[in-house]
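The structure file data-v8.cif is reproduced below (mmCIF, C-alpha atoms).
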data_final
#
loop_
_atom_site.group_PDB
_atom_site.id
_atom_site.type_symbol
_atom_site.label_atom_id
_atom_site.label_comp_id
_atom_site.auth_asym_id
_atom_site.auth_seq_id
_atom_site.Cartn_x
_atom_site.Cartn_y
_atom_site.Cartn_z
ATOM 1 C CA MET A 98 -5.419 -9.736 18.426
ATOM 2 C CA ALA A 99 -2.897 -11.990 20.079
ATOM 3 C CA GLU A 100 -3.799 -13.245 23.524
ATOM 4 C CA PRO A 101 -1.619 -11.863 26.336
ATOM 5 C CA SER A 102 0.313 -14.071 28.715
ATOM 6 C CA GLN A 103 0.394 -13.627 32.455
ATOM 7 C CA ASN A 104 3.731 -11.785 32.443
ATOM 8 C CA GLY A 105 2.295 -9.016 30.317
ATOM 9 C CA LEU A 106 3.780 -10.150 27.018
ATOM 10 C CA ALA A 107 1.753 -11.012 23.960
ATOM 11 C CA GLU A 108 1.840 -14.634 22.918
ATOM 12 C CA ARG A 109 2.329 -15.755 19.352
ATOM 13 C CA PRO A 110 -0.820 -15.991 17.251
ATOM 14 C CA PRO A 111 -2.357 -19.455 17.599
ATOM 15 C CA ARG A 112 -1.774 -22.011 14.892
ATOM 16 C CA ARG A 113 -5.469 -21.939 14.124
ATOM 17 C CA THR A 114 -5.179 -18.329 12.967
ATOM 18 C CA TRP A 115 -2.300 -19.171 10.624
ATOM 19 C CA GLN A 116 -4.257 -22.164 9.338
ATOM 20 C CA ARG A 117 -7.228 -19.895 8.683
ATOM 21 C CA ILE A 118 -4.997 -17.507 6.718
ATOM 22 C CA ARG A 119 -3.492 -20.288 4.605
ATOM 23 C CA THR A 120 -6.853 -21.838 3.775
ATOM 24 C CA ASN A 121 -8.695 -18.613 2.981
ATOM 25 C CA PRO A 122 -9.223 -18.610 -0.821
ATOM 26 C CA ARG A 123 -9.147 -14.814 -1.065
ATOM 27 C CA VAL A 124 -5.822 -14.625 0.761
ATOM 28 C CA VAL A 125 -4.273 -17.433 -1.300
ATOM 29 C CA VAL A 126 -5.434 -16.216 -4.712
ATOM 30 C CA SER A 127 -4.845 -12.511 -4.161
ATOM 31 C CA GLY A 128 -1.550 -13.100 -2.357
ATOM 32 C CA THR A 129 -0.271 -15.304 -5.181
ATOM 33 C CA ILE A 130 -1.190 -12.760 -7.841
ATOM 34 C CA LEU A 131 0.386 -9.917 -5.867
ATOM 35 C CA LEU A 132 3.526 -12.006 -5.383
ATOM 36 C CA LEU A 133 3.745 -12.600 -9.140
ATOM 37 C CA ILE A 134 3.257 -8.882 -9.810
ATOM 38 C CA GLY A 135 5.966 -8.086 -7.268
ATOM 39 C CA VAL A 136 8.380 -10.568 -8.855
ATOM 40 C CA MET A 137 7.613 -9.083 -12.275
ATOM 41 C CA ALA A 138 8.336 -5.586 -10.966
ATOM 42 C CA LEU A 139 11.545 -6.713 -9.279
ATOM 43 C CA LEU A 140 12.870 -8.597 -12.304
ATOM 44 C CA ALA A 141 11.433 -6.293 -14.992
ATOM 45 C CA PRO A 142 14.834 -5.104 -16.312
ATOM 46 C CA TRP A 143 15.915 -8.714 -16.891
ATOM 47 C CA ILE A 144 12.722 -10.513 -17.982
ATOM 48 C CA SER A 145 11.284 -7.745 -20.167
ATOM 49 C CA PRO A 146 10.884 -9.025 -23.756
ATOM 50 C CA GLN A 147 12.241 -5.779 -25.222
ATOM 51 C CA ASP A 148 13.845 -2.518 -24.176
ATOM 52 C CA PRO A 149 10.993 -0.301 -22.857
ATOM 53 C CA PHE A 150 12.866 2.831 -24.020
ATOM 54 C CA GLN A 151 13.826 1.720 -27.530
ATOM 55 C CA MET A 152 11.976 3.727 -30.196
ATOM 56 C CA ASN A 153 10.922 2.448 -33.627
ATOM 57 C CA THR A 154 9.101 5.072 -35.679
ATOM 58 C CA ALA A 155 8.127 2.435 -38.261
ATOM 59 C CA MET A 156 5.997 0.628 -35.624
ATOM 60 C CA GLN A 157 4.031 3.512 -34.116
ATOM 61 C CA LEU A 158 0.688 2.722 -32.410
ATOM 62 C CA GLN A 159 0.524 -0.873 -33.601
ATOM 63 C CA GLY A 160 -1.930 -3.366 -32.149
ATOM 64 C CA PRO A 161 -0.937 -6.639 -30.474
ATOM 65 C CA SER A 162 1.277 -8.911 -32.555
ATOM 66 C CA TRP A 163 3.753 -11.745 -32.047
ATOM 67 C CA GLU A 164 6.600 -9.238 -31.932
ATOM 68 C CA HIS A 165 4.736 -6.828 -29.631
ATOM 69 C CA PRO A 166 2.097 -8.790 -27.625
ATOM 70 C CA PHE A 167 0.603 -5.615 -26.107
ATOM 71 C CA GLY A 168 1.184 -3.390 -29.146
ATOM 72 C CA THR A 169 3.304 -0.227 -29.347
ATOM 73 C CA ASP A 170 3.026 3.423 -28.292
ATOM 74 C CA GLU A 171 3.369 6.658 -30.263
ATOM 75 C CA TYR A 172 7.152 6.201 -30.471
ATOM 76 C CA GLY A 173 7.015 2.547 -31.427
ATOM 77 C CA ARG A 174 8.089 1.394 -27.963
ATOM 78 C CA ASP A 175 6.888 -2.010 -26.798
ATOM 79 C CA LEU A 176 3.858 -1.622 -24.500
ATOM 80 C CA MET A 177 4.366 -4.949 -22.747
ATOM 81 C CA ALA A 178 7.896 -3.944 -21.760
ATOM 82 C CA ARG A 179 6.669 -0.547 -20.578
ATOM 83 C CA VAL A 180 3.808 -2.017 -18.520
ATOM 84 C CA MET A 181 6.283 -4.351 -16.833
ATOM 85 C CA ARG A 182 8.708 -1.496 -16.237
ATOM 86 C CA GLY A 183 5.851 0.702 -15.022
ATOM 87 C CA SER A 184 4.923 -1.850 -12.376
ATOM 88 C CA ARG A 185 8.351 -1.283 -10.850
ATOM 89 C CA SER A 186 7.819 2.449 -10.342
ATOM 90 C CA SER A 187 4.191 2.181 -9.251
ATOM 91 C CA LEU A 188 4.808 -0.553 -6.683
ATOM 92 C CA ILE A 189 7.973 1.021 -5.267
ATOM 93 C CA ILE A 190 6.106 4.279 -4.656
ATOM 94 C CA ALA A 191 3.063 2.513 -3.173
ATOM 95 C CA LEU A 192 5.068 0.215 -0.880
ATOM 96 C CA SER A 193 7.380 2.987 0.297
ATOM 97 C CA SER A 194 4.540 5.414 1.000
ATOM 98 C CA VAL A 195 2.488 2.812 2.905
ATOM 99 C CA ALA A 196 5.564 1.824 4.938
ATOM 100 C CA LEU A 197 6.093 5.479 5.830
ATOM 101 C CA ALA A 198 2.409 5.974 6.622
ATOM 102 C CA SER A 199 2.248 2.900 8.850
ATOM 103 C CA VAL A 200 5.354 3.788 10.873
ATOM 104 C CA VAL A 201 4.369 7.428 11.424
ATOM 105 C CA GLY A 202 0.662 6.724 11.873
ATOM 106 C CA VAL A 203 1.113 3.867 14.327
ATOM 107 C CA GLY A 204 3.600 6.002 16.262
ATOM 108 C CA PHE A 205 1.036 8.813 16.493
ATOM 109 C CA GLY A 206 -1.688 6.409 17.570
ATOM 110 C CA ILE A 207 0.383 4.703 20.251
ATOM 111 C CA VAL A 208 1.594 7.991 21.736
ATOM 112 C CA GLY A 209 -1.898 9.480 21.808
ATOM 113 C CA GLY A 210 -3.637 6.321 23.005
ATOM 114 C CA TYR A 211 -1.157 5.226 25.661
ATOM 115 C CA PHE A 212 -0.193 8.544 27.237
ATOM 116 C CA GLY A 213 -3.546 10.319 26.727
ATOM 117 C CA GLY A 214 -4.154 13.856 27.935
ATOM 118 C CA PHE A 215 -1.997 16.453 26.211
ATOM 119 C CA TRP A 216 -0.462 13.904 23.811
ATOM 120 C CA GLU A 217 -3.865 12.610 22.788
ATOM 121 C CA PHE A 218 -4.989 16.174 22.048
ATOM 122 C CA VAL A 219 -1.896 16.976 19.955
ATOM 123 C CA THR A 220 -1.818 13.757 17.929
ATOM 124 C CA MET A 221 -5.519 13.265 17.319
ATOM 125 C CA ARG A 222 -6.295 16.906 16.594
ATOM 126 C CA THR A 223 -3.452 16.917 14.055
ATOM 127 C CA VAL A 224 -5.012 13.872 12.435
ATOM 128 C CA ASP A 225 -8.466 15.483 12.478
ATOM 129 C CA VAL A 226 -7.128 18.563 10.686
ATOM 130 C CA LEU A 227 -5.501 16.441 8.009
ATOM 131 C CA LEU A 228 -8.707 14.460 7.510
ATOM 132 C CA THR A 229 -10.613 17.637 6.647
ATOM 133 C CA ILE A 230 -8.418 18.205 3.581
ATOM 134 C CA PRO A 231 -9.338 16.245 0.416
ATOM 135 C CA PRO A 232 -6.338 13.949 -0.220
ATOM 136 C CA ILE A 233 -6.160 14.394 -3.978
ATOM 137 C CA LEU A 234 -6.285 18.198 -3.753
ATOM 138 C CA LEU A 235 -3.565 18.332 -1.109
ATOM 139 C CA ALA A 236 -1.448 15.879 -3.099
ATOM 140 C CA ILE A 237 -1.800 17.927 -6.284
ATOM 141 C CA ALA A 238 -0.920 21.154 -4.472
ATOM 142 C CA VAL A 239 2.136 19.728 -2.702
ATOM 143 C CA VAL A 240 3.529 17.817 -5.686
ATOM 144 C CA ALA A 241 2.956 20.794 -7.986
ATOM 145 C CA PHE A 242 4.852 22.992 -5.520
ATOM 146 C CA LEU A 243 7.724 20.585 -4.809
ATOM 147 C CA GLY A 244 7.931 19.211 -8.330
ATOM 148 C CA PRO A 245 7.183 15.728 -9.663
ATOM 149 C CA SER A 246 9.607 13.084 -8.415
ATOM 150 C CA ARG A 247 9.473 9.643 -6.879
ATOM 151 C CA ILE A 248 10.614 10.852 -3.459
ATOM 152 C CA ASN A 249 8.041 13.649 -3.347
ATOM 153 C CA LEU A 250 5.274 11.198 -4.224
ATOM 154 C CA VAL A 251 6.322 8.847 -1.430
ATOM 155 C CA LEU A 252 6.377 11.667 1.113
ATOM 156 C CA VAL A 253 3.020 13.101 0.042
ATOM 157 C CA ILE A 254 1.145 9.789 -0.151
ATOM 158 C CA GLY A 255 2.700 8.559 3.094
ATOM 159 C CA PHE A 256 1.771 11.787 4.840
ATOM 160 C CA LEU A 257 -1.820 11.574 3.614
ATOM 161 C CA TYR A 258 -2.429 7.943 4.546
ATOM 162 C CA MET A 259 -0.762 8.019 7.951
ATOM 163 C CA THR A 260 -4.076 9.375 9.307
ATOM 164 C CA ARG A 261 -5.730 5.996 8.682
ATOM 165 C CA PHE A 262 -3.098 4.176 10.702
ATOM 166 C CA ALA A 263 -3.127 6.808 13.444
ATOM 167 C CA ARG A 264 -6.891 6.545 14.020
ATOM 168 C CA LEU A 265 -6.844 2.754 13.860
ATOM 169 C CA SER A 266 -3.891 2.278 16.213
ATOM 170 C CA PHE A 267 -5.227 4.907 18.624
ATOM 171 C CA ALA A 268 -8.533 3.092 18.980
ATOM 172 C CA SER A 269 -6.758 -0.264 19.372
ATOM 173 C CA VAL A 270 -4.353 1.067 22.022
ATOM 174 C CA VAL A 271 -7.193 2.635 24.047
ATOM 175 C CA GLN A 272 -8.913 -0.743 24.047
ATOM 176 C CA VAL A 273 -5.796 -2.739 24.964
ATOM 177 C CA LYS A 274 -4.809 -0.247 27.676
ATOM 178 C CA GLN A 275 -7.812 -1.318 29.737
ATOM 179 C CA ARG A 276 -6.666 -4.943 29.914
ATOM 180 C CA GLU A 277 -5.464 -6.363 33.213
ATOM 181 C CA PHE A 278 -2.205 -7.762 31.830
ATOM 182 C CA LEU A 279 -1.041 -4.230 31.028
ATOM 183 C CA GLU A 280 -1.604 -3.119 34.601
ATOM 184 C CA ALA A 281 0.255 -6.209 35.783
ATOM 185 C CA ALA A 282 3.220 -5.271 33.598
ATOM 186 C CA ARG A 283 3.334 -1.832 35.229
ATOM 187 C CA VAL A 284 3.120 -3.326 38.716
ATOM 188 C CA ILE A 285 6.144 -5.569 38.177
ATOM 189 C CA GLY A 286 8.162 -2.512 37.137
ATOM 190 C CA ALA A 287 8.242 -2.842 33.342
ATOM 191 C CA ARG A 288 9.419 0.333 31.621
ATOM 192 C CA THR A 289 7.187 2.191 29.191
ATOM 193 C CA PRO A 290 9.193 1.308 26.022
ATOM 194 C CA HIS A 291 9.166 -2.353 27.081
ATOM 195 C CA ILE A 292 5.407 -2.291 27.657
ATOM 196 C CA ILE A 293 4.752 -0.644 24.293
ATOM 197 C CA LEU A 294 6.990 -3.006 22.324
ATOM 198 C CA THR A 295 6.113 -6.295 24.035
ATOM 199 C CA ALA A 296 2.566 -5.849 25.295
ATOM 200 C CA ILE A 297 0.792 -3.171 23.259
ATOM 201 C CA LEU A 298 2.271 -3.397 19.757
ATOM 202 C CA PRO A 299 1.833 -7.187 19.311
ATOM 203 C CA ASN A 300 -1.805 -6.854 20.355
ATOM 204 C CA ILE A 301 -2.652 -4.228 17.725
ATOM 205 C CA LEU A 302 -0.766 -5.735 14.774
ATOM 206 C CA ALA A 303 -3.710 -7.671 13.317
ATOM 207 C CA PRO A 304 -5.814 -4.640 12.275
ATOM 208 C CA ILE A 305 -2.645 -2.836 11.173
ATOM 209 C CA PHE A 306 -1.765 -5.650 8.766
ATOM 210 C CA VAL A 307 -5.257 -5.476 7.301
ATOM 211 C CA GLN A 308 -4.966 -1.699 6.925
ATOM 212 C CA ILE A 309 -1.589 -2.060 5.187
ATOM 213 C CA SER A 310 -3.033 -4.354 2.518
ATOM 214 C CA LEU A 311 -5.997 -2.043 1.929
ATOM 215 C CA SER A 312 -3.840 1.092 1.886
ATOM 216 C CA LEU A 313 -1.597 -0.391 -0.801
ATOM 217 C CA GLY A 314 -4.513 -0.351 -3.215
ATOM 218 C CA PHE A 315 -5.413 3.237 -2.352
ATOM 219 C CA ALA A 316 -1.767 4.311 -2.681
ATOM 220 C CA ILE A 317 -1.488 2.751 -6.136
ATOM 221 C CA LEU A 318 -4.688 4.496 -7.172
ATOM 222 C CA LEU A 319 -3.523 7.878 -5.880
ATOM 223 C CA GLU A 320 -0.081 7.515 -7.465
ATOM 224 C CA SER A 321 -1.707 6.579 -10.768
ATOM 225 C CA GLY A 322 -4.018 9.586 -10.558
ATOM 226 C CA LEU A 323 -1.134 11.978 -9.937
ATOM 227 C CA SER A 324 0.894 10.398 -12.735
ATOM 228 C CA PHE A 325 -2.132 10.671 -15.026
ATOM 229 C CA LEU A 326 -2.131 14.421 -14.350
ATOM 230 C CA GLY A 327 1.589 14.657 -15.084
ATOM 231 C CA LEU A 328 2.605 15.036 -11.435
ATOM 232 C CA GLY A 329 4.191 11.618 -11.011
ATOM 233 C CA THR A 330 7.547 10.161 -11.965
ATOM 234 C CA PRO A 331 8.970 12.278 -14.811
ATOM 235 C CA PRO A 332 9.266 10.696 -18.281
ATOM 236 C CA PRO A 333 10.717 8.733 -19.960
ATOM 237 C CA GLU A 334 10.351 6.428 -16.933
ATOM 238 C CA PRO A 335 6.958 4.725 -17.390
ATOM 239 C CA THR A 336 4.328 4.279 -14.708
ATOM 240 C CA TRP A 337 0.854 2.873 -15.157
ATOM 241 C CA GLY A 338 -0.709 6.262 -14.512
ATOM 242 C CA ASN A 339 1.357 8.297 -16.959
ATOM 243 C CA MET A 340 0.891 5.629 -19.637
ATOM 244 C CA ILE A 341 -2.874 6.081 -19.342
ATOM 245 C CA GLY A 342 -2.481 9.863 -19.315
ATOM 246 C CA VAL A 343 -0.475 9.865 -22.539
ATOM 247 C CA GLY A 344 -2.389 7.020 -24.152
ATOM 248 C CA ARG A 345 -5.794 8.706 -23.848
ATOM 249 C CA GLY A 346 -4.764 10.997 -26.705
ATOM 250 C CA PHE A 347 -4.223 8.001 -28.995
ATOM 251 C CA MET A 348 -7.213 5.839 -28.076
ATOM 252 C CA GLN A 349 -8.735 6.016 -31.541
ATOM 253 C CA GLN A 350 -5.492 4.908 -33.169
ATOM 254 C CA ASN A 351 -4.655 2.225 -30.606
ATOM 255 C CA GLY A 352 -7.048 1.578 -27.720
ATOM 256 C CA TRP A 353 -4.684 -1.079 -26.306
ATOM 257 C CA TYR A 354 -2.385 1.742 -25.218
ATOM 258 C CA VAL A 355 -4.751 2.581 -22.347
ATOM 259 C CA PHE A 356 -6.223 -0.875 -21.825
ATOM 260 C CA TRP A 357 -3.115 -2.704 -20.579
ATOM 261 C CA PRO A 358 -1.949 -0.286 -17.852
ATOM 262 C CA ALA A 359 -5.565 0.216 -16.740
ATOM 263 C CA LEU A 360 -5.969 -3.562 -16.477
ATOM 264 C CA ALA A 361 -2.755 -3.802 -14.436
ATOM 265 C CA ILE A 362 -4.004 -1.137 -12.008
ATOM 266 C CA SER A 363 -7.412 -2.796 -11.685
ATOM 267 C CA ILE A 364 -6.006 -6.263 -11.007
ATOM 268 C CA THR A 365 -3.494 -4.990 -8.440
ATOM 269 C CA ILE A 366 -6.054 -2.910 -6.514
ATOM 270 C CA LEU A 367 -8.596 -5.751 -6.629
ATOM 271 C CA CYS A 368 -6.034 -8.179 -5.207
ATOM 272 C CA CYS A 369 -5.034 -5.722 -2.460
ATOM 273 C CA ASN A 370 -8.676 -5.350 -1.422
ATOM 274 C CA MET A 371 -9.267 -9.108 -1.549
ATOM 275 C CA LEU A 372 -6.163 -9.696 0.559
ATOM 276 C CA GLY A 373 -7.335 -7.144 3.111
ATOM 277 C CA ASP A 374 -10.792 -8.739 3.323
ATOM 278 C CA GLY A 375 -9.285 -12.192 3.668
ATOM 279 C CA LEU A 376 -6.901 -11.116 6.416
ATOM 280 C CA ARG A 377 -9.739 -9.386 8.246
ATOM 281 C CA ASP A 378 -11.735 -12.622 8.260
ATOM 282 C CA ALA A 379 -8.739 -14.674 9.401
ATOM 283 C CA LEU A 380 -7.593 -12.300 12.127
ATOM 284 C CA ASP A 381 -11.003 -11.318 13.514
ATOM 285 C CA PRO A 382 -11.038 -12.535 17.145
ATOM 286 C CA ARG A 383 -14.774 -13.138 16.935
ATOM 287 C CA LEU A 384 -14.146 -15.961 14.453
ATOM 288 C CA ARG A 385 -11.926 -17.865 16.893
ATOM 289 C CA GLU A 386 -13.388 -20.659 18.918
#
Please render this file's structure as structure tokens.
Amino acid sequence: MAEPSQNGLAERPPRRTWQRIRTNPRVVVSGTILLLIGVMALLAPWISPQDPFQMNTAMQLQGPSWEHPFGTDEYGRDLMARVMRGSRSSLIIALSSVALASVVGVGFGIVGGYFGGFWEFVTMRTVDVLLTIPPILLAIAVVAFLGPSRINLVLVIGFLYMTRFARLSFASVVQVKQREFLEAARVIGARTPHIILTAILPNILAPIFVQISLSLGFAILLESGLSFLGLGTPPPEPTWGNMIGVGRGFMQQNGWYVFWPALAISITILCCNMLGDGLRDALDPRLRE
């Protein structure tokens, strides 16, 4: 966490921390790969080698070739183009849901940790109730009731993962609240919103950033699982999960159908976890001299 200054404000992270982030191999490698995947998702409509929706019944379930490097699906559509297009849907849902989860969860944690008492009971008991429900079962029930759509997936996944951020930020705020600089900020007459924004929030950002990177991997996995079950983005829009769900029925004819989207999911989740581990090492105060 950032060291506080005497006026109650959090100082910028030291250069040594940024240097540690830049020189950490896990952060550099995983961050670069994730950046390339993000650029591919962003530019998919323009850099895709073929139209991911164009059918060609004469090229059904073909293996990799010069014309179709990843092969084709049951309608003769190019798998490489569909994997690239699928990254767009999967990453948009994951990023949006984690953004929602972090904002709501951190808000819950700060309110409960800073004000305590009644607010702690309301926020933390709400989180405890949500933690007792298996995420995948609740997600299936809600999405099945509301109907499969991108917005519903974002809301459900964000709602489920906000508990992680709430517990983490609550524990961090309780710890920071005991520091002397916070009491000094109150003594000089700083208002509560000012204290939260300038003294508390900057001092709990490090673990939140780590949690964001780790939650991205879990969100992609959950979105892929729901799409695999047919509860994700409706077809013909491809996602990695629904490609695996459809492709499992054609594995004997063309095993590449399942291999490529599964590989994309594995690489993305692995990089998210590596990035989280690397950030944890770089931002851990115990590693600072």
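With only C-alpha atoms as the atoms that count, the residue of A:Ala263, A:Ala196, A:Val284, A:Ile207 with the shortest distance to Asp225 of chain A is A:Ala263.
Among A:Phe150, A:Trp353, A:Phe347, A:Phe325, the residue with the shortest atom-to-atom distance to Pro245 of chain A, counting all atoms listed in the file, is A:Phe325.
In terms of minimum interatomic distance to Lys274 of chain A, A:Leu298 ranks closest within A:Val226, A:Ala191, A:Leu298, A:Ile237, counting only C-alpha atoms.
Taken over the whole file, the PyMOL selection byres ((chain A and resi 141) around 10) covers exactly Gly135, Val136, Met137, Ala138, Leu139, Leu140, Pro142, Trp143, Ile144, Ser145, Pro146, Pro149, Ala178, Arg179, Val180, Met181, Arg182, Gly183, Ser184 and Arg185 of chain A.
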Given the selection you just returned, output its residues as a file containing C-alpha atoms, formatted as a PDB file, keeping the file's coordinate frame.
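Result file follows (again.pdb):
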ATOM      1  CA  GLY A 135       5.966  -8.086  -7.268  1.00  0.00           C
ATOM      2  CA  VAL A 136       8.380 -10.568  -8.855  1.00  0.00           C
ATOM      3  CA  MET A 137       7.613  -9.083 -12.275  1.00  0.00           C
ATOM      4  CA  ALA A 138       8.336  -5.586 -10.966  1.00  0.00           C
ATOM      5  CA  LEU A 139      11.545  -6.713  -9.279  1.00  0.00           C
ATOM      6  CA  LEU A 140      12.870  -8.597 -12.304  1.00  0.00           C
ATOM      7  CA  PRO A 142      14.834  -5.104 -16.312  1.00  0.00           C
ATOM      8  CA  TRP A 143      15.915  -8.714 -16.891  1.00  0.00           C
ATOM      9  CA  ILE A 144      12.722 -10.513 -17.982  1.00  0.00           C
ATOM     10  CA  SER A 145      11.284  -7.745 -20.167  1.00  0.00           C
ATOM     11  CA  PRO A 146      10.884  -9.025 -23.756  1.00  0.00           C
ATOM     12  CA  PRO A 149      10.993  -0.301 -22.857  1.00  0.00           C
ATOM     13  CA  ALA A 178       7.896  -3.944 -21.760  1.00  0.00           C
ATOM     14  CA  ARG A 179       6.669  -0.547 -20.578  1.00  0.00           C
ATOM     15  CA  VAL A 180       3.808  -2.017 -18.520  1.00  0.00           C
ATOM     16  CA  MET A 181       6.283  -4.351 -16.833  1.00  0.00           C
ATOM     17  CA  ARG A 182       8.708  -1.496 -16.237  1.00  0.00           C
ATOM     18  CA  GLY A 183       5.851   0.702 -15.022  1.00  0.00           C
ATOM     19  CA  SER A 184       4.923  -1.850 -12.376  1.00  0.00           C
ATOM     20  CA  ARG A 185       8.351  -1.283 -10.850  1.00  0.00           C
TER      21      ARG A 185
END
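Interatomic distance, atom CA of Arg288 of chain A to atom CA of Gln308 of chain A: 28.7 Å.
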Could you list, as number ranges by chain, every residue matched by the PyMOL selection byres ((chain A and resi 354) around 9) in this structure?
A: 158, 160, 167-170, 176, 340-341, 343-345, 347-348, 351-353, 355-358
Give me, as JSON lines, the closest atom pair and its distance (Å, one decimal) for every residue of segment 249-348 of chain A within a cut-off of 12 Å of segment 210-224 of chain A, counting only C-alpha atoms, rows sorted by chain and rising number.
{"residue": "A:Phe256", "atom": "CA", "partner": "A:Val224", "partner_atom": "CA", "distance": 10.4}
{"residue": "A:Leu257", "atom": "CA", "partner": "A:Val224", "partner_atom": "CA", "distance": 9.7}
{"residue": "A:Tyr258", "atom": "CA", "partner": "A:Val224", "partner_atom": "CA", "distance": 10.2}
{"residue": "A:Met259", "atom": "CA", "partner": "A:Val224", "partner_atom": "CA", "distance": 8.5}
{"residue": "A:Thr260", "atom": "CA", "partner": "A:Val224", "partner_atom": "CA", "distance": 5.6}
{"residue": "A:Arg261", "atom": "CA", "partner": "A:Val224", "partner_atom": "CA", "distance": 8.8}
{"residue": "A:Phe262", "atom": "CA", "partner": "A:Val224", "partner_atom": "CA", "distance": 10.0}
{"residue": "A:Ala263", "atom": "CA", "partner": "A:Val224", "partner_atom": "CA", "distance": 7.4}
{"residue": "A:Arg264", "atom": "CA", "partner": "A:Met221", "partner_atom": "CA", "distance": 7.6}
{"residue": "A:Leu265", "atom": "CA", "partner": "A:Gly210", "partner_atom": "CA", "distance": 10.3}
{"residue": "A:Ser266", "atom": "CA", "partner": "A:Gly210", "partner_atom": "CA", "distance": 7.9}
{"residue": "A:Phe267", "atom": "CA", "partner": "A:Gly210", "partner_atom": "CA", "distance": 4.9}
{"residue": "A:Ala268", "atom": "CA", "partner": "A:Gly210", "partner_atom": "CA", "distance": 7.1}
{"residue": "A:Ser269", "atom": "CA", "partner": "A:Gly210", "partner_atom": "CA", "distance": 8.1}
{"residue": "A:Val270", "atom": "CA", "partner": "A:Gly210", "partner_atom": "CA", "distance": 5.4}
{"residue": "A:Val271", "atom": "CA", "partner": "A:Gly210", "partner_atom": "CA", "distance": 5.2}
{"residue": "A:Gln272", "atom": "CA", "partner": "A:Gly210", "partner_atom": "CA", "distance": 8.9}
{"residue": "A:Val273", "atom": "CA", "partner": "A:Tyr211", "partner_atom": "CA", "distance": 9.2}
{"residue": "A:Lys274", "atom": "CA", "partner": "A:Tyr211", "partner_atom": "CA", "distance": 6.9}
{"residue": "A:Gln275", "atom": "CA", "partner": "A:Tyr211", "partner_atom": "CA", "distance": 10.2}
{"residue": "A:Leu279", "atom": "CA", "partner": "A:Tyr211", "partner_atom": "CA", "distance": 10.9}
{"residue": "A:Thr289", "atom": "CA", "partner": "A:Tyr211", "partner_atom": "CA", "distance": 9.6}
{"residue": "A:Pro290", "atom": "CA", "partner": "A:Tyr211", "partner_atom": "CA", "distance": 11.1}
{"residue": "A:Ile292", "atom": "CA", "partner": "A:Tyr211", "partner_atom": "CA", "distance": 10.2}
{"residue": "A:Ile293", "atom": "CA", "partner": "A:Tyr211", "partner_atom": "CA", "distance": 8.4}
{"residue": "A:Ala296", "atom": "CA", "partner": "A:Tyr211", "partner_atom": "CA", "distance": 11.7}
{"residue": "A:Ile297", "atom": "CA", "partner": "A:Tyr211", "partner_atom": "CA", "distance": 8.9}
{"residue": "A:Leu298", "atom": "CA", "partner": "A:Tyr211", "partner_atom": "CA", "distance": 11.0}
{"residue": "A:Ile301", "atom": "CA", "partner": "A:Gly210", "partner_atom": "CA", "distance": 11.8}
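Using all atoms listed in the file, the smallest distance between any of A:Glu277, A:Asp378, A:Glu164, A:Glu320 and Trp337 of chain A comes from A:Glu320.
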For Thr330 of chain A, the closest of A:Val251, A:Val203, A:Ile134, A:Ile118 counting only C-alpha atoms is A:Val251
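For Ser193 of chain A, the residues within 9 Å (counting only C-alpha atoms, excluding itself and residues fewer than 5 positions away along the chain) are Leu188, Ala198, Val251, Leu252 and Gly255 of chain A.
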